[in-house]
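Undergrad: Mind having a look at this structure? Questions to follow.
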Amino acid sequence: MATTAEVAAYRRAQQDVVTLARAALAQWWRDLDVSDAVAASRALQGFVPELVAAYGDVAATVAADWYESLRGEAGAPGTYRAVLAEPVPAAQAQAVARWSAGPLFAAEPDGQHALRLLSGAVQRLVQQSGRTTLLRNGAVDPARPRWARVPHGKTCAFCLMLASRGAVYLTAESAGRFNQWHNDCDCQPEPVWPNQEPSYNADELY
């Protein structure tokens, strides 16, 4: 099974990807004219899908490498090559950009509020590529691992509830709400092969 140290290292690697994405967003934002809300919203809808696709691909690669590493350590039968998840749909990223631009249309436009909203959403969308890569590979891998949701830091009640169930999820489809994530969520899915336990104590959370 994955050790606590391995899970922490994986989370840090994904956090590094998010940090780079947010830095690129902040640099681009400095040249954005937020005084024209309509033009700024259009610019965001053009930029955000490209940003999310670029850094999401990196997150997916990190996830695929981690999946293969854990699979090998688990001694899962057969050979398996992890594949990357498809990029987040452009329409989804554009919708997030429009939503984040909301504070720019207020009576007193608030560019910093808009940026904070977008920064949180970018984190979720970039991580979506990594999380989906893990879950989709588990769904098609003949070894068929189950899944646990590993909490981290100050975790919300929703995430703790899902994590407390342990490795009971088989696929993203059967898990349902397991594959729902909120902005700034640091939880990660963890593959757990037969005769293994998750890296954390689910009973304590329950």
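Just remember, in the structure tokens the first chain shown is A, the second B, etc., residues are 1-based per chain, and ligands are 1-based in the order shown.
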Find the spatial neighbours of Ser199 (chain A), counting only C-alpha atoms, within a cut-off of 12 Å - ignore same-chain residues fewer than 6 positions away - and output them as a PyMOL selection string.

TA: chain A and resi 1-8+70+147-152+163+166-167+188-193

Undergrad: DSSP says alpha helix (DSSP H) for which residues of region 105-147 of chain A? Put them as number ranges by chain?

TA: A: 111-140

Undergrad: Could those residues be written to a file, using N, CA, C and O atoms, as a tab-separated table (two decimals), in the first residue's frame?

TA:
chain	number	residue	atom	x	y	z
A	111	GLY	N	-11.36	43.59	-8.47
A	111	GLY	CA	-10.48	42.73	-9.24
A	111	GLY	C	-9.79	41.68	-8.39
A	111	GLY	O	-9.58	40.55	-8.83
A	112	GLN	N	-9.44	42.03	-7.15
A	112	GLN	CA	-8.76	41.06	-6.29
A	112	GLN	C	-9.68	39.93	-5.88
A	112	GLN	O	-9.25	38.78	-5.78
A	113	HIS	N	-10.95	40.24	-5.66
A	113	HIS	CA	-11.92	39.19	-5.35
A	113	HIS	C	-12.06	38.24	-6.54
A	113	HIS	O	-12.08	37.02	-6.38
A	114	ALA	N	-12.15	38.80	-7.72
A	114	ALA	CA	-12.25	37.98	-8.93
A	114	ALA	C	-11.04	37.08	-9.08
A	114	ALA	O	-11.16	35.89	-9.43
A	115	LEU	N	-9.87	37.63	-8.81
A	115	LEU	CA	-8.63	36.84	-8.93
A	115	LEU	C	-8.60	35.71	-7.91
A	115	LEU	O	-8.17	34.60	-8.22
A	116	ARG	N	-9.06	35.98	-6.68
A	116	ARG	CA	-9.09	34.93	-5.65
A	116	ARG	C	-10.03	33.80	-6.06
A	116	ARG	O	-9.72	32.61	-5.89
A	117	LEU	N	-11.19	34.15	-6.59
A	117	LEU	CA	-12.13	33.14	-7.05
A	117	LEU	C	-11.51	32.29	-8.16
A	117	LEU	O	-11.60	31.05	-8.15
A	118	LEU	N	-10.87	32.95	-9.10
A	118	LEU	CA	-10.30	32.25	-10.23
A	118	LEU	C	-9.12	31.38	-9.81
A	118	LEU	O	-8.94	30.27	-10.31
A	119	SER	N	-8.33	31.87	-8.87
A	119	SER	CA	-7.18	31.10	-8.39
A	119	SER	C	-7.63	29.79	-7.77
A	119	SER	O	-7.04	28.72	-8.00
A	120	GLY	N	-8.71	29.84	-6.96
A	120	GLY	CA	-9.23	28.62	-6.36
A	120	GLY	C	-9.77	27.66	-7.41
A	120	GLY	O	-9.58	26.45	-7.33
A	121	ALA	N	-10.45	28.22	-8.41
A	121	ALA	CA	-11.01	27.38	-9.47
A	121	ALA	C	-9.92	26.76	-10.34
A	121	ALA	O	-10.04	25.60	-10.76
A	122	VAL	N	-8.86	27.52	-10.61
A	122	VAL	CA	-7.75	26.98	-11.39
A	122	VAL	C	-7.12	25.80	-10.66
A	122	VAL	O	-6.77	24.78	-11.28
A	123	GLN	N	-6.99	25.91	-9.35
A	123	GLN	CA	-6.46	24.79	-8.58
A	123	GLN	C	-7.30	23.54	-8.79
A	123	GLN	O	-6.78	22.44	-9.03
A	124	ARG	N	-8.61	23.69	-8.72
A	124	ARG	CA	-9.50	22.53	-8.87
A	124	ARG	C	-9.44	21.94	-10.27
A	124	ARG	O	-9.38	20.72	-10.44
A	125	LEU	N	-9.42	22.80	-11.29
A	125	LEU	CA	-9.42	22.30	-12.66
A	125	LEU	C	-8.09	21.64	-13.03
A	125	LEU	O	-8.07	20.63	-13.75
A	126	VAL	N	-6.98	22.20	-12.57
A	126	VAL	CA	-5.68	21.58	-12.83
A	126	VAL	C	-5.61	20.22	-12.15
A	126	VAL	O	-5.19	19.22	-12.73
A	127	GLN	N	-6.06	20.18	-10.88
A	127	GLN	CA	-6.05	18.92	-10.15
A	127	GLN	C	-7.02	17.90	-10.73
A	127	GLN	O	-6.83	16.70	-10.59
A	128	GLN	N	-8.05	18.38	-11.39
A	128	GLN	CA	-9.03	17.48	-11.99
A	128	GLN	C	-8.36	16.52	-12.98
A	128	GLN	O	-8.72	15.34	-13.04
A	129	SER	N	-7.40	17.02	-13.72
A	129	SER	CA	-6.71	16.16	-14.69
A	129	SER	C	-5.94	15.05	-14.00
A	129	SER	O	-5.91	13.91	-14.46
A	130	GLY	N	-5.29	15.38	-12.87
A	130	GLY	CA	-4.56	14.36	-12.13
A	130	GLY	C	-5.48	13.36	-11.47
A	130	GLY	O	-5.26	12.15	-11.54
A	131	ARG	N	-6.54	13.85	-10.85
A	131	ARG	CA	-7.48	12.96	-10.17
A	131	ARG	C	-8.18	12.05	-11.16
A	131	ARG	O	-8.36	10.85	-10.91
A	132	THR	N	-8.58	12.60	-12.30
A	132	THR	CA	-9.26	11.79	-13.31
A	132	THR	C	-8.32	10.74	-13.88
A	132	THR	O	-8.74	9.62	-14.18
A	133	THR	N	-7.05	11.10	-14.04
A	133	THR	CA	-6.08	10.12	-14.53
A	133	THR	C	-6.01	8.92	-13.59
A	133	THR	O	-6.03	7.76	-14.03
A	134	LEU	N	-5.94	9.17	-12.30
A	134	LEU	CA	-5.89	8.07	-11.33
A	134	LEU	C	-7.15	7.21	-11.40
A	134	LEU	O	-7.09	5.98	-11.49
A	135	LEU	N	-8.30	7.85	-11.38
A	135	LEU	CA	-9.56	7.12	-11.33
A	135	LEU	C	-9.83	6.33	-12.61
A	135	LEU	O	-10.29	5.19	-12.58
A	136	ARG	N	-9.53	6.93	-13.75
A	136	ARG	CA	-9.81	6.24	-15.02
A	136	ARG	C	-8.89	5.05	-15.22
A	136	ARG	O	-9.31	4.03	-15.76
A	137	ASN	N	-7.64	5.18	-14.80
A	137	ASN	CA	-6.74	4.04	-14.94
A	137	ASN	C	-7.18	2.90	-14.03
A	137	ASN	O	-7.13	1.73	-14.41
A	138	GLY	N	-7.64	3.26	-12.83
A	138	GLY	CA	-8.12	2.22	-11.95
A	138	GLY	C	-9.33	1.50	-12.51
A	138	GLY	O	-9.53	0.30	-12.28
A	139	ALA	N	-10.14	2.22	-13.29
A	139	ALA	CA	-11.36	1.63	-13.85
A	139	ALA	C	-11.06	0.64	-14.96
A	139	ALA	O	-11.81	-0.32	-15.17
A	140	VAL	N	-9.96	0.82	-15.70
A	140	VAL	CA	-9.67	-0.06	-16.83
A	140	VAL	C	-8.53	-1.03	-16.54
A	140	VAL	O	-8.32	-1.98	-17.29

Undergrad: Which residue gives the smallest distance to Ala21 (chain A) among A:Val58, A:Ala101, A:Ala40, A:Ala9, with only C-alpha atoms counted?

TA: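 Ranking A:Val58, A:Ala101, A:Ala40, A:Ala9 by distance to Ala21 (chain A), first place goes to A:Val58.
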
Undergrad: Would you please work out which residue, of A:Glu204, A:Ala59, A:Glu73, A:Glu50, is nearest to Ala24 (chain A) when using only C-alpha atoms?

TA: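 That would be A:Glu50, the residue with the smallest distance to Ala24 (chain A).
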
Undergrad: A:Asn183, A:Thr155, A:Gln14, A:Ser164: which is nearest Val62 (chain A), counting only C-alpha atoms?

TA: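 Of A:Asn183, A:Thr155, A:Gln14, A:Ser164, the one nearest Val62 (chain A) is A:Gln14, counting only C-alpha atoms.
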
Undergrad: Between A:Ala85, A:Ala76, A:Ala97, A:Leu162, which is the closest to Leu25 (chain A) once you count only C-alpha atoms?

TA: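 Distance minimum relative to Leu25 (chain A) lands on A:Ala97.
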
Undergrad: Counting only C-alpha atoms, what is within 9 Å of Arg81 (chain A), bar same-chain residues fewer than 3 positions away, as a ChimeraX atom specification?

TA: /A:64,68,137,141

Undergrad: Return the single residue from A:Cys156, A:Ala107, A:Cys187, A:Ala60 that is closest to Arg11 (chain A), with distances computed using only C-alpha atoms.

TA: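 Among the listed residues, the smallest separation from Arg11 (chain A) belongs to A:Cys187.
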
Undergrad: Which is closest to Phe105 (chain A) among A:Val52, A:Ala157, A:Leu44, A:Val38, if we use only C-alpha atoms?

TA: A:Val38

Undergrad: Residues within 10 Å of Ala143 (chain A), please, as a list in words. Count only C-alpha atoms; anything in the same chain fewer than 5 positions from it doesn't count.

TA: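 Answer for this query is Arg71, Gly75, Ala76, Pro77, Gly78, Thr79, Tyr80, Gly138, Trp193 and Pro194 of chain A.
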
Undergrad: At what distance in Å, to one decimal, does CA of Leu20 (chain A) lie from CA of Ala54 (chain A)?

TA: 10.7 Å

Undergrad: Run DSSP on the backbone of this structure and report the residues of chain A it assigns to strand (DSSP E or B), as a ChimeraX atom specification.

TA: /A:146-150,169,188-192

Undergrad: Calculate how many Å separate CA of Ala91 (chain A) from CA of Arg22 (chain A), rounding to one decimal.

TA: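 It comes out at 20.0 Å.
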